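The data block below is coords07.txt; it holds compact mmCIF, C-alpha atoms and all ligand atoms.
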# COMPACT_ATOMS: atom_id res chain seq x y z
CA MET H 1 179.70 108.00 11.46
CA ASP H 2 177.12 108.14 8.72
CA PHE H 3 175.79 104.56 8.99
CA ASN H 4 175.47 104.40 5.20
CA PHE H 5 172.65 106.91 4.97
CA ASN H 6 171.94 107.77 1.36
CA GLU H 7 172.00 111.33 0.06
CA MET H 8 168.27 111.90 0.52
CA GLU H 9 168.39 110.56 4.09
CA LEU H 10 171.38 112.79 4.87
CA ASP H 11 169.46 115.78 3.50
CA ILE H 12 166.58 114.99 5.89
CA ILE H 13 168.99 114.51 8.81
CA ASN H 14 170.71 117.85 8.06
CA MET H 15 167.35 119.56 7.66
CA LEU H 16 166.20 118.25 11.06
CA GLU H 17 169.46 119.35 12.66
CA ASP H 18 168.95 122.89 11.29
CA PHE H 19 165.33 122.84 12.39
CA CYS H 20 166.35 121.84 15.91
CA VAL H 21 169.06 124.51 16.13
CA ASN H 22 166.65 127.21 14.94
CA GLU H 23 163.32 126.10 16.39
CA VAL H 24 163.75 123.46 19.10
CA LYS H 25 166.81 124.59 21.05
CA PRO H 26 165.55 128.16 21.63
CA LEU H 27 162.37 126.79 23.23
CA ALA H 28 163.91 124.10 25.42
CA ALA H 29 164.51 126.13 28.59
CA GLU H 30 161.11 127.84 28.33
CA LEU H 31 159.24 124.53 27.98
CA ASP H 32 161.15 123.24 30.98
CA GLU H 33 160.52 126.31 33.15
CA GLN H 34 156.86 126.63 32.23
CA GLU H 35 156.16 122.87 32.09
CA ARG H 36 154.61 123.55 28.68
CA PHE H 37 153.87 121.08 25.87
CA PRO H 38 155.70 121.93 22.60
CA THR H 39 152.51 122.58 20.59
CA GLU H 40 154.22 124.93 18.11
CA THR H 41 156.97 122.38 17.38
CA LEU H 42 154.39 119.64 16.83
CA GLU H 43 152.60 121.93 14.35
CA LYS H 44 155.83 122.69 12.48
CA LEU H 45 156.90 119.04 12.35
CA SER H 46 153.43 118.16 11.08
CA GLU H 47 153.72 120.75 8.30
CA MET H 48 157.14 119.35 7.41
CA GLY H 49 155.66 115.83 7.13
CA MET H 50 157.97 114.56 9.88
CA MET H 51 155.34 113.00 12.18
CA GLY H 52 155.09 110.03 9.84
CA MET H 53 158.73 109.63 8.91
CA TYR H 54 158.68 105.87 8.25
CA ILE H 55 154.96 105.53 7.48
CA PRO H 56 154.78 104.31 3.85
CA GLU H 57 153.78 106.92 1.27
CA GLU H 58 150.59 104.98 0.47
CA TYR H 59 149.35 105.92 3.98
CA GLY H 60 150.44 109.53 3.66
CA GLY H 61 153.84 109.14 5.34
CA ALA H 62 157.30 110.21 4.23
CA GLY H 63 158.34 106.61 3.51
CA LEU H 64 161.78 107.06 5.06
CA SER H 65 163.92 104.29 6.55
CA TYR H 66 163.74 103.23 10.19
CA ASN H 67 167.37 104.29 10.65
CA THR H 68 166.52 107.82 9.52
CA TYR H 69 163.76 107.85 12.13
CA THR H 70 166.31 106.67 14.73
CA ALA H 71 168.63 109.50 13.69
CA ALA H 72 165.76 111.95 14.18
CA ASN H 73 165.28 110.63 17.70
CA GLU H 74 168.91 111.34 18.47
CA ILE H 75 168.79 114.83 16.94
CA PHE H 76 165.69 116.08 18.81
CA ASN H 77 167.15 114.97 22.11
CA LYS H 78 170.43 116.81 21.60
CA TYR H 79 168.38 119.97 21.98
CA CYS H 80 165.20 119.15 23.91
CA ALA H 81 164.35 115.81 25.48
CA SER H 82 160.70 116.82 25.98
CA THR H 83 160.28 117.36 22.24
CA GLY H 84 162.13 114.10 21.61
CA CYS H 85 159.83 112.21 23.95
CA MET H 86 156.65 113.60 22.36
CA PHE H 87 157.98 112.57 18.92
CA GLU H 88 159.12 109.10 20.02
CA VAL H 89 155.95 107.97 21.75
CA HIS H 90 153.92 108.91 18.67
CA GLY H 91 156.36 107.24 16.28
CA SER H 92 157.50 104.13 18.15
CA LEU H 93 154.65 103.25 20.46
CA VAL H 94 151.57 103.99 18.36
CA THR H 95 152.57 104.29 14.69
CA TRP H 96 154.55 101.04 14.64
CA PRO H 97 151.91 98.73 16.23
CA LEU H 98 149.25 100.25 13.95
CA LEU H 99 151.41 99.54 10.91
CA THR H 100 152.28 96.06 12.13
CA TYR H 101 149.05 94.78 13.66
CA GLY H 102 146.35 97.06 12.21
CA THR H 103 143.72 95.90 9.76
CA GLU H 104 143.71 97.64 6.39
CA GLU H 105 140.68 99.67 7.57
CA GLN H 106 142.48 100.75 10.76
CA LYS H 107 145.57 101.75 8.78
CA GLN H 108 143.50 103.73 6.27
CA LYS H 109 141.58 105.39 9.07
CA TYR H 110 144.46 106.42 11.31
CA LEU H 111 147.85 106.38 9.58
CA PRO H 112 147.28 109.36 7.26
CA LYS H 113 146.17 111.42 10.28
CA MET H 114 149.16 110.19 12.31
CA ALA H 115 151.48 111.09 9.43
CA SER H 116 150.02 114.57 8.99
CA GLY H 117 150.15 115.21 12.74
CA GLU H 118 146.39 115.72 12.85
CA MET H 119 146.39 112.86 15.36
CA LEU H 120 149.06 112.47 18.02
CA GLY H 121 149.50 109.05 19.63
CA ALA H 122 149.86 107.87 23.23
CA PHE H 123 150.51 104.42 24.73
CA GLY H 124 148.40 103.24 27.67
CA LEU H 125 150.05 100.23 29.28
CA THR H 126 151.23 101.31 32.73
CA GLU H 127 148.95 101.12 35.78
CA PRO H 128 149.75 101.71 39.45
CA GLY H 129 150.20 97.94 39.92
CA ALA H 130 151.47 97.20 36.41
CA GLY H 131 154.74 99.06 35.81
CA SER H 132 157.65 96.64 35.44
CA ASP H 133 155.10 93.84 35.83
CA ALA H 134 153.26 94.81 32.67
CA SER H 135 151.14 91.65 32.81
CA GLY H 136 149.41 92.77 36.02
CA GLN H 137 146.72 94.70 34.14
CA LYS H 138 143.60 95.63 36.15
CA THR H 139 141.93 97.56 33.34
CA THR H 140 139.26 95.35 31.80
CA ALA H 141 137.53 95.20 28.44
CA VAL H 142 134.37 93.10 28.35
CA ASP H 143 132.92 91.80 25.11
CA ASN H 144 129.28 92.91 25.18
CA GLY H 145 128.36 91.53 21.80
CA ASP H 146 128.13 94.68 19.70
CA HIS H 147 130.77 96.65 21.64
CA TRP H 148 133.63 96.40 24.16
CA LEU H 149 133.16 97.95 27.60
CA LEU H 150 136.40 99.44 28.93
CA ASN H 151 136.98 100.22 32.62
CA GLY H 152 140.15 101.12 34.50
CA THR H 153 142.90 103.66 35.05
CA LYS H 154 146.30 104.11 33.39
CA CYS H 155 149.09 106.23 34.87
CA PHE H 156 152.22 108.09 33.67
CA ILE H 157 150.94 108.32 30.10
CA THR H 158 153.19 110.47 27.91
CA ASN H 159 151.34 112.76 25.44
CA GLY H 160 148.28 112.35 27.66
CA TYR H 161 145.53 114.92 26.98
CA TYR H 162 147.34 116.25 23.86
CA ALA H 163 147.11 112.94 22.02
CA SER H 164 143.97 112.06 20.15
CA LEU H 165 144.66 108.34 19.65
CA TYR H 166 145.45 106.08 22.62
CA LEU H 167 146.66 102.49 22.34
CA VAL H 168 145.22 100.98 25.50
CA PHE H 169 145.89 97.51 26.93
CA ALA H 170 143.22 95.74 28.95
CA MET H 171 142.41 92.33 30.40
CA THR H 172 139.83 90.53 28.31
CA ASP H 173 140.25 87.20 30.15
CA LYS H 174 142.01 87.33 33.51
CA GLU H 175 142.23 83.52 33.72
CA LYS H 176 144.67 83.51 30.81
CA GLY H 177 147.43 85.76 32.24
CA THR H 178 149.50 87.43 29.55
CA LYS H 179 147.35 85.72 26.91
CA GLY H 180 144.26 87.36 28.38
CA ILE H 181 145.41 90.90 27.50
CA SER H 182 144.13 92.68 24.38
CA ALA H 183 144.96 96.00 22.73
CA PHE H 184 142.45 98.72 21.80
CA LEU H 185 142.53 101.97 19.84
CA VAL H 186 140.71 104.59 21.87
CA GLU H 187 139.97 108.05 20.53
CA LYS H 188 140.02 111.13 22.73
CA GLY H 189 136.47 112.35 23.24
CA THR H 190 134.94 108.87 23.54
CA PRO H 191 132.26 109.19 26.29
CA GLY H 192 133.54 107.91 29.64
CA PHE H 193 137.22 108.57 28.76
CA SER H 194 138.70 111.38 30.84
CA PHE H 195 142.05 112.61 32.14
CA GLY H 196 143.12 112.52 35.78
CA THR H 197 146.24 113.84 37.45
CA LYS H 198 148.94 115.64 35.43
CA GLU H 199 152.24 114.52 36.95
CA LYS H 200 154.79 117.01 38.31
CA LYS H 201 158.10 115.52 37.30
CA MET H 202 161.84 115.88 37.91
CA GLY H 203 162.58 116.25 34.21
CA ILE H 204 161.14 116.29 30.68
CA HIS H 205 158.86 119.07 31.93
CA GLY H 206 157.66 119.82 28.41
CA THR H 207 156.00 116.44 28.07
CA ALA H 208 152.45 115.98 29.25
CA THR H 209 152.23 112.99 31.60
CA TYR H 210 148.66 112.20 32.53
CA GLU H 211 146.44 109.63 34.16
CA LEU H 212 143.81 108.14 31.82
CA VAL H 213 140.44 107.20 33.31
CA PHE H 214 138.00 104.85 31.58
CA GLU H 215 134.51 104.57 33.06
CA ASP H 216 132.14 102.34 31.11
CA VAL H 217 133.73 103.42 27.83
CA LYS H 218 131.88 101.78 24.93
CA LEU H 219 134.30 100.92 22.14
CA PRO H 220 133.24 99.68 18.72
CA LYS H 221 134.24 96.09 17.96
CA ASP H 222 136.78 97.31 15.42
CA ALA H 223 138.67 99.23 18.12
CA LEU H 224 140.51 95.97 18.85
CA LEU H 225 144.10 96.03 17.52
CA GLY H 226 145.34 92.60 16.53
CA LYS H 227 143.56 89.55 17.87
CA VAL H 228 141.88 88.99 21.23
CA GLY H 229 144.62 87.89 23.68
CA GLU H 230 147.45 89.28 21.55
CA GLY H 231 147.83 92.49 23.55
CA PHE H 232 150.85 91.50 25.64
CA LYS H 233 152.79 90.42 22.57
CA ILE H 234 151.82 93.67 20.85
CA ALA H 235 152.97 95.68 23.88
CA MET H 236 156.29 93.85 24.19
CA SER H 237 157.17 93.91 20.49
CA THR H 238 156.22 97.59 20.35
CA LEU H 239 158.50 98.28 23.31
CA ASP H 240 161.41 96.60 21.51
CA GLY H 241 161.25 99.48 19.03
CA GLY H 242 160.51 102.04 21.72
CA ARG H 243 163.65 101.00 23.57
CA ILE H 244 165.78 101.69 20.49
CA SER H 245 164.29 105.18 20.37
CA ILE H 246 164.88 105.76 24.09
CA ALA H 247 168.45 104.57 23.55
CA ALA H 248 168.74 107.14 20.74
CA GLN H 249 167.30 109.68 23.17
CA GLY H 250 170.10 108.76 25.61
CA VAL H 251 172.74 109.25 22.91
CA GLY H 252 171.14 112.57 21.98
CA ILE H 253 171.07 113.86 25.56
CA ALA H 254 174.68 112.80 26.15
CA GLN H 255 175.96 114.31 22.88
CA GLY H 256 173.93 117.46 23.45
CA ALA H 257 175.39 117.94 26.94
CA LEU H 258 178.95 117.33 25.76
CA ASN H 259 178.55 119.68 22.79
CA GLU H 260 177.40 122.40 25.19
CA LEU H 261 180.33 121.75 27.50
CA ILE H 262 183.14 122.15 24.95
CA PRO H 263 182.94 125.96 24.56
CA VAL H 264 182.50 126.34 28.33
CA ILE H 265 185.68 124.46 29.22
CA LYS H 266 187.61 126.28 26.51
CA ALA H 267 186.47 129.69 27.73
CA ARG H 268 186.58 129.17 31.49
CA LYS H 269 189.91 129.94 33.15
CA GLN H 270 191.13 128.73 36.55
CA PHE H 271 194.67 128.92 37.94
CA GLY H 272 195.53 131.14 34.97
CA ARG H 273 194.67 128.61 32.25
CA SER H 274 191.61 127.30 30.48
CA ILE H 275 190.13 124.32 32.27
CA ALA H 276 190.26 122.47 28.92
CA SER H 277 194.05 122.46 29.31
CA PHE H 278 193.91 120.30 32.44
CA GLN H 279 194.52 116.63 31.80
CA ASN H 280 191.58 115.69 34.04
CA THR H 281 189.25 117.59 31.70
CA GLN H 282 190.86 116.07 28.60
CA PHE H 283 190.54 112.53 29.98
CA LYS H 284 186.91 113.09 30.92
CA VAL H 285 186.02 114.53 27.50
CA ALA H 286 187.74 111.62 25.75
CA GLU H 287 185.97 109.07 27.96
CA MET H 288 182.59 110.69 27.42
CA GLN H 289 182.87 110.85 23.64
CA THR H 290 184.05 107.23 23.54
CA GLU H 291 181.09 106.11 25.65
CA ILE H 292 178.68 108.08 23.45
CA ASP H 293 180.11 106.54 20.27
CA ALA H 294 179.90 103.04 21.78
CA ALA H 295 176.28 103.68 22.76
CA ARG H 296 175.51 105.01 19.28
CA LEU H 297 176.89 101.83 17.71
CA LEU H 298 174.58 99.73 19.89
CA VAL H 299 171.65 101.95 18.91
CA TYR H 300 172.26 101.63 15.17
CA ARG H 301 172.92 97.89 15.39
CA ALA H 302 169.47 97.43 16.94
CA SER H 303 167.88 99.96 14.58
CA GLN H 304 169.36 98.25 11.52
CA MET H 305 167.98 94.90 12.73
CA LYS H 306 164.57 96.45 13.20
CA GLN H 307 164.76 98.03 9.76
CA ASP H 308 165.59 94.57 8.36
CA HIS H 309 162.62 93.04 10.29
CA LYS H 310 164.98 90.83 12.32
CA PRO H 311 164.23 90.00 15.98
CA CYS H 312 166.10 92.52 18.13
CA VAL H 313 164.82 91.95 21.67
CA LYS H 314 168.29 91.57 23.20
CA GLU H 315 169.94 94.22 21.03
CA ALA H 316 167.22 96.79 21.81
CA ALA H 317 167.53 96.07 25.55
CA MET H 318 171.35 96.35 25.38
CA ALA H 319 171.15 99.65 23.51
CA LYS H 320 168.60 101.04 25.96
CA TYR H 321 170.52 99.95 29.04
CA TYR H 322 173.90 101.20 27.85
CA ALA H 323 172.87 104.42 26.11
CA THR H 324 170.65 105.64 28.94
CA LYS H 325 173.32 104.85 31.52
CA THR H 326 175.73 106.82 29.32
CA ALA H 327 173.26 109.72 29.15
CA ASN H 328 173.16 109.91 32.93
CA ASP H 329 176.92 109.51 33.40
CA VAL H 330 177.74 112.10 30.74
CA ALA H 331 175.12 114.65 31.84
CA ARG H 332 176.34 114.42 35.45
CA MET H 333 180.00 114.75 34.40
CA CYS H 334 179.29 117.72 32.11
CA LEU H 335 177.62 119.52 34.98
CA GLN H 336 180.56 118.70 37.23
CA LEU H 337 183.11 120.02 34.71
CA ALA H 338 181.08 123.18 34.18
CA GLY H 339 181.33 123.79 37.94
CA GLY H 340 179.07 126.28 39.70
CA ILE H 341 177.54 127.61 36.49
CA GLY H 342 176.55 124.07 35.61
CA PHE H 343 174.28 124.05 38.62
CA THR H 344 172.45 127.20 37.51
CA ARG H 345 169.56 127.40 35.08
CA GLU H 346 171.55 129.88 32.97
CA TYR H 347 173.11 126.82 31.36
CA PRO H 348 171.41 123.62 30.14
CA PHE H 349 173.52 121.11 32.10
CA GLU H 350 171.15 120.72 35.05
CA ARG H 351 168.24 120.24 32.60
CA PHE H 352 170.16 117.57 30.68
CA MET H 353 170.87 115.83 33.98
CA ARG H 354 167.23 115.97 35.13
CA ASP H 355 165.94 114.90 31.70
CA ALA H 356 168.41 112.00 31.48
CA LYS H 357 167.08 110.29 34.60
CA ILE H 358 163.76 109.14 33.14
CA THR H 359 165.51 107.34 30.28
CA GLU H 360 166.71 104.74 32.79
CA ILE H 361 163.13 104.22 33.94
CA TYR H 362 160.53 104.51 31.18
CA GLU H 363 159.88 101.93 28.47
CA GLY H 364 161.27 99.32 30.86
CA THR H 365 163.67 100.14 33.69
CA ASN H 366 167.31 99.31 33.15
CA GLU H 367 166.89 96.50 35.69
CA ILE H 368 164.20 95.01 33.39
CA GLN H 369 166.54 95.48 30.39
CA ARG H 370 169.19 93.39 32.14
CA ILE H 371 166.61 90.70 32.92
CA ILE H 372 165.68 90.66 29.23
CA ILE H 373 169.33 90.49 28.10
CA SER H 374 170.24 87.62 30.41
CA GLY H 375 166.91 85.89 29.60
CA GLU H 376 167.76 86.07 25.89
CA MET H 377 171.13 84.50 26.80
CA GLY H 378 169.24 81.61 28.42
CA ILE H 379 170.03 82.76 31.97
CA ARG H 380 166.77 82.78 33.94
N1 LIG C 1 158.09 90.33 21.59
C1 LIG C 1 157.09 89.43 21.39
N2 LIG C 1 156.62 88.64 22.39
C2 LIG C 1 157.18 88.77 23.60
C3 LIG C 1 158.23 89.67 23.87
C4 LIG C 1 158.68 90.47 22.79
N3 LIG C 1 159.67 91.35 22.98
N4 LIG C 1 158.57 89.58 25.17
C5 LIG C 1 157.79 88.61 25.71
N5 LIG C 1 156.94 88.14 24.77
C6 LIG C 1 155.97 87.06 24.92
C7 LIG C 1 156.71 85.80 25.40
O1 LIG C 1 157.21 85.07 24.30
C8 LIG C 1 155.62 85.06 26.12
O2 LIG C 1 154.81 84.38 25.18
P1 LIG C 1 154.50 82.81 25.36
O3 LIG C 1 153.71 82.73 26.64
O4 LIG C 1 153.71 82.47 24.14
O5 LIG C 1 155.81 82.13 25.46
C9 LIG C 1 154.77 86.16 26.73
O6 LIG C 1 155.06 87.36 25.97
C10 LIG C 1 155.07 86.41 28.20
O7 LIG C 1 156.45 86.69 28.30
P2 LIG C 1 157.20 86.67 29.71
O8 LIG C 1 156.88 85.39 30.43
O9 LIG C 1 158.62 87.02 29.48
O10 LIG C 1 156.42 87.85 30.47
P3 LIG C 1 156.63 88.47 31.91
O11 LIG C 1 155.30 88.70 32.53
O12 LIG C 1 157.64 87.66 32.68
O13 LIG C 1 157.24 89.93 31.61
C11 LIG C 1 158.93 91.56 31.24
C12 LIG C 1 158.43 90.11 31.01
C13 LIG C 1 160.17 91.67 30.36
C14 LIG C 1 159.31 91.84 32.69
C15 LIG C 1 157.85 92.57 30.77
O14 LIG C 1 156.75 92.58 31.66
C16 LIG C 1 158.39 93.96 30.61
O15 LIG C 1 158.98 94.32 29.59
N6 LIG C 1 158.17 94.86 31.63
C17 LIG C 1 158.48 96.26 31.50
C18 LIG C 1 157.27 97.01 31.01
C19 LIG C 1 157.62 98.30 30.35
O16 LIG C 1 158.56 98.41 29.59
N7 LIG C 1 156.79 99.31 30.58
C20 LIG C 1 156.96 100.56 29.94
C21 LIG C 1 155.68 101.31 29.93
S1 LIG C 1 155.46 102.27 28.50
C22 LIG C 1 156.29 103.72 28.70
O17 LIG C 1 157.10 103.89 29.55
C23 LIG C 1 155.98 104.67 27.61
C24 LIG C 1 156.08 106.11 27.88
O18 LIG C 1 155.15 106.73 28.32
C25 LIG C 1 157.28 106.83 27.41
Mind converting the file's structure to structure tokens?
Ligand code: CAA
Amino acid sequence: MDFNFNEMELDIINMLEDFCVNEVKPLAAELDEQERFPTETLEKLSEMGMMGMYIPEEYGGAGLSYNTYTAANEIFNKYCASTGCMFEVHGSLVTWPLLTYGTEEQKQKYLPKMASGEMLGAFGLTEPGAGSDASGQKTTAVDNGDHWLLNGTKCFITNGYYASLYLVFAMTDKEKGTKGISAFLVEKGTPGFSFGTKEKKMGIHGTATYELVFEDVKLPKDALLGKVGEGFKIAMSTLDGGRISIAAQGVGIAQGALNELIPVIKARKQFGRSIASFQNTQFKVAEMQTEIDAARLLVYRASQMKQDHKPCVKEAAMAKYYATKTANDVARMCLQLAGGIGFTREYPFERFMRDAKITEIYEGTNEIQRIIISGEMGIR
């Protein structure tokens, strides 16, 4: 399936595949074991100009298509979901809203640095009481005339500490519910902004997941992204894109696990024959590749709609729900078919399985995705 990529896009896709085989895959187990952020990969991707893949050239980006960016999300995750997650949050959850809602000054100020990798992005929406219920924001931003005063705590923030630009959502008028939420661009190092707990997680150990703490943080008036009260819409429309990328992450994890399994089942012998020769194995492999291809089609349908600037709320939710379920089903089955060795850390199957789990949770749980899908069908 080439999804009509042109020659230049295919060159980029092949280049990223080679990069991942040579630079990302060899680090994956180490990042996982040591719970270490992929700093060296971020530096290399920055040098390659890949941190601003779809940022227009006028803002220092590579000016590539959204579908090429989606393909990159799949590729990274075939080899290392932590690297994929670092890349996706920066690209989908910070770059896109800046491009879409930023003033010309904000775009000029931040996009070239986002594209060059000098600035990494993070997305501050979730709070202890505002996970699935994203509207339940307790963080506040008060208009003090010449500045905003930000107070509150965010949790589970991917790229926390390592990012230098944080898109933070806060209540500016709690009487107005979702229309009382606004979005702010907060730079690391702003007085009063600090980092709390670093989470110890089941998977994606190479990502940094931190608490953000804001204590009387004075923000300049132009830190506001979009209009006052537009924050919830900004968060939701941003997550539509993020969910396509997490769906691509699911496809990547599933394809990566299956690719690793093939040589194992061909080599491993039981009852005097390779386990690939058993019909059970053949059926499972066929089912898995079919599920992955179906998920990939959902991903590129949604990605193409996003590239064409068409509403894709339902399609993004469908892709996310299906592809991340597939990632979990496939990773678990690959481990099962690998047998005892699959359970050891000598092989990547247990890491794929641990990394897959979060894809069903972050950027909207798969329960929320099904609420969105049925809501878009008029079933409420
Ligand atoms: N685009 C634009 N606007 C949207 C929208 C979208 N996709 N979805 C909703 N809105 C608008 C609605 O039109 C509505 O506007 P009006 O009042 O003008 O009609 C407004 O937002 C409120 O919408 P709802 O009534 O549907 O809002 P809700 O409070 O019922 O919430 C929800 C809906 C789908 C449950 C939402 O809260 C949600 O998506 N929750 C999940 C949150 C989530 O995904 N969190 C992920 C955290 S980030 C993360 O994980 C990143 C990471 O680190 C990797």
Quiz prompt | Selection: 12 Å around Gly129 of chain H, all atoms listed in the file, excl. self and same-chain fewer than 4 positions, as a count of residues only | solution = 12
Quiz item: Can I get the residues close to ligand LIG 1 (chain C) as a ChimeraX atom specification, where close means within 6 Å and we count all atoms listed in the file?
Solution: /H:89,125-126,131-135,157-158,178,232-233,236-237,240,313,362-364,368,372
Since we have the selection now, will you write its residues out, keeping C-alpha atoms, as a PDB file, in the frame of the given file?
ATOM      1  CA  VAL H  89     155.950 107.970  21.750  1.00  0.00           C
ATOM      2  CA  LEU H 125     150.050 100.230  29.280  1.00  0.00           C
ATOM      3  CA  THR H 126     151.230 101.310  32.730  1.00  0.00           C
ATOM      4  CA  GLY H 131     154.740  99.060  35.810  1.00  0.00           C
ATOM      5  CA  SER H 132     157.650  96.640  35.440  1.00  0.00           C
ATOM      6  CA  ASP H 133     155.100  93.840  35.830  1.00  0.00           C
ATOM      7  CA  ALA H 134     153.260  94.810  32.670  1.00  0.00           C
ATOM      8  CA  SER H 135     151.140  91.650  32.810  1.00  0.00           C
ATOM      9  CA  ILE H 157     150.940 108.320  30.100  1.00  0.00           C
ATOM     10  CA  THR H 158     153.190 110.470  27.910  1.00  0.00           C
ATOM     11  CA  THR H 178     149.500  87.430  29.550  1.00  0.00           C
ATOM     12  CA  PHE H 232     150.850  91.500  25.640  1.00  0.00           C
ATOM     13  CA  LYS H 233     152.790  90.420  22.570  1.00  0.00           C
ATOM     14  CA  MET H 236     156.290  93.850  24.190  1.00  0.00           C
ATOM     15  CA  SER H 237     157.170  93.910  20.490  1.00  0.00           C
ATOM     16  CA  ASP H 240     161.410  96.600  21.510  1.00  0.00           C
ATOM     17  CA  VAL H 313     164.820  91.950  21.670  1.00  0.00           C
ATOM     18  CA  TYR H 362     160.530 104.510  31.180  1.00  0.00           C
ATOM     19  CA  GLU H 363     159.880 101.930  28.470  1.00  0.00           C
ATOM     20  CA  GLY H 364     161.270  99.320  30.860  1.00  0.00           C
ATOM     21  CA  ILE H 368     164.200  95.010  33.390  1.00  0.00           C
ATOM     22  CA  ILE H 372     165.680  90.660  29.230  1.00  0.00           C
TER      23      ILE H 372
END
Quiz item: When distances are computed from all atoms listed in the file, which of H:Ile371, H:Val264, H:Leu219, H:Val24 shows the smallest separation from Gly145 of chain H?
Solution: H:Leu219
Self-check item: Counting all atoms listed in the file, the option among H:Leu225, H:Ala163, H:Leu335, H:Leu258 closest to Phe37 of chain H
Solution: H:Ala163
Practice problem: Write out as an NGL selection string which residues come within 12 Å of Gly340 of chain H when counting all atoms listed in the file, dropping same-chain ones fewer than 4 positions away. | Solution: :H and (264 or 268 or 334-336 or 344-347 or 349-350)
Quiz item: At what distance in Å, to one decimal, does atom CA of Asp329 of chain H lie from atom CA of Gly342 of chain H?
Solution: 14.7 Å
Quiz item: Separation of atom CA of Gln307 of chain H and atom CA of Asn67 of chain H, in Å?
Solution: 6.8 Å
Quiz item: Quick one: of H:Arg380, H:Arg301, H:Lys176, H:Lys218, who's nearest to Trp148 of chain H, counting only C-alpha atoms?
Solution: H:Lys218
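Between atom CA of Lys25 of chain H and atom CA of Gln304 of chain H the interatomic distance comes to 28.1 Å.
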Practice problem: Give as a PyMOL selection string each residue that has an atom at most 8 Å from (148.4, 106.3, 22.1) in the file, counting all atoms listed in the file. | Solution: chain H and resi 89-90+93-94+120-124+159+163-168+185-186
Exercise. Find the spatial neighbours of Leu64 of chain H, counting all atoms listed in the file, within a cut-off of 9 Å - ignore same-chain residues fewer than 3 positions away - and output them as a PyMOL selection string.
Key: chain H and resi 9+52-57+61+67-69
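The nearest approach to Thr324 of chain H among the residues H:Ala294, H:Val251, H:Met119, H:Met51, with all atoms listed in the file taken into account, belongs to H:Val251.
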Exercise. Within 10 Å of segment 279-282 of chain H, counting only C-alpha atoms, which residues show up once you throw out same-chain ones fewer than 6 positions away? Write them as number ranges by chain, please.
Key: H: 265, 288, 334, 337
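In terms of minimum interatomic distance to His147 of chain H, H:Pro220 ranks closest within H:Gly242, H:Pro220, H:Gly256, H:Gly250, counting only C-alpha atoms.
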Go through segment 171-278 of chain H and flag each residue having an atom no more than 12 Å from segment 357-361 of chain H; for those, report the closest pair of atoms plus their distance in Å to one decimal, using all atoms listed in the file, ordered by chain and rising number, as CSV.
residue,atom,partner,partner_atom,distance
H:Lys201,CA,H:Ile358,CA,9.5
H:Met202,CA,H:Lys357,CA,8.3
H:Gly203,CA,H:Ile358,CA,7.3
H:Ile204,CA,H:Ile358,CA,8.0
H:His205,CA,H:Ile358,CA,11.1
H:Thr207,CA,H:Ile358,CA,11.8
H:Gly242,CA,H:Thr359,CA,11.2
H:Arg243,CA,H:Thr359,CA,9.4
H:Ile244,CA,H:Thr359,CA,11.3
H:Ser245,CA,H:Thr359,CA,10.2
H:Ile246,CA,H:Thr359,CA,6.4
H:Ala247,CA,H:Thr359,CA,7.8
H:Ala248,CA,H:Thr359,CA,10.1
H:Gln249,CA,H:Thr359,CA,7.7
H:Gly250,CA,H:Thr359,CA,6.7
H:Val251,CA,H:Thr359,CA,10.5
H:Gly252,CA,H:Thr359,CA,11.3
H:Ile253,CA,H:Thr359,CA,9.8
H:Ala254,CA,H:Thr359,CA,11.4
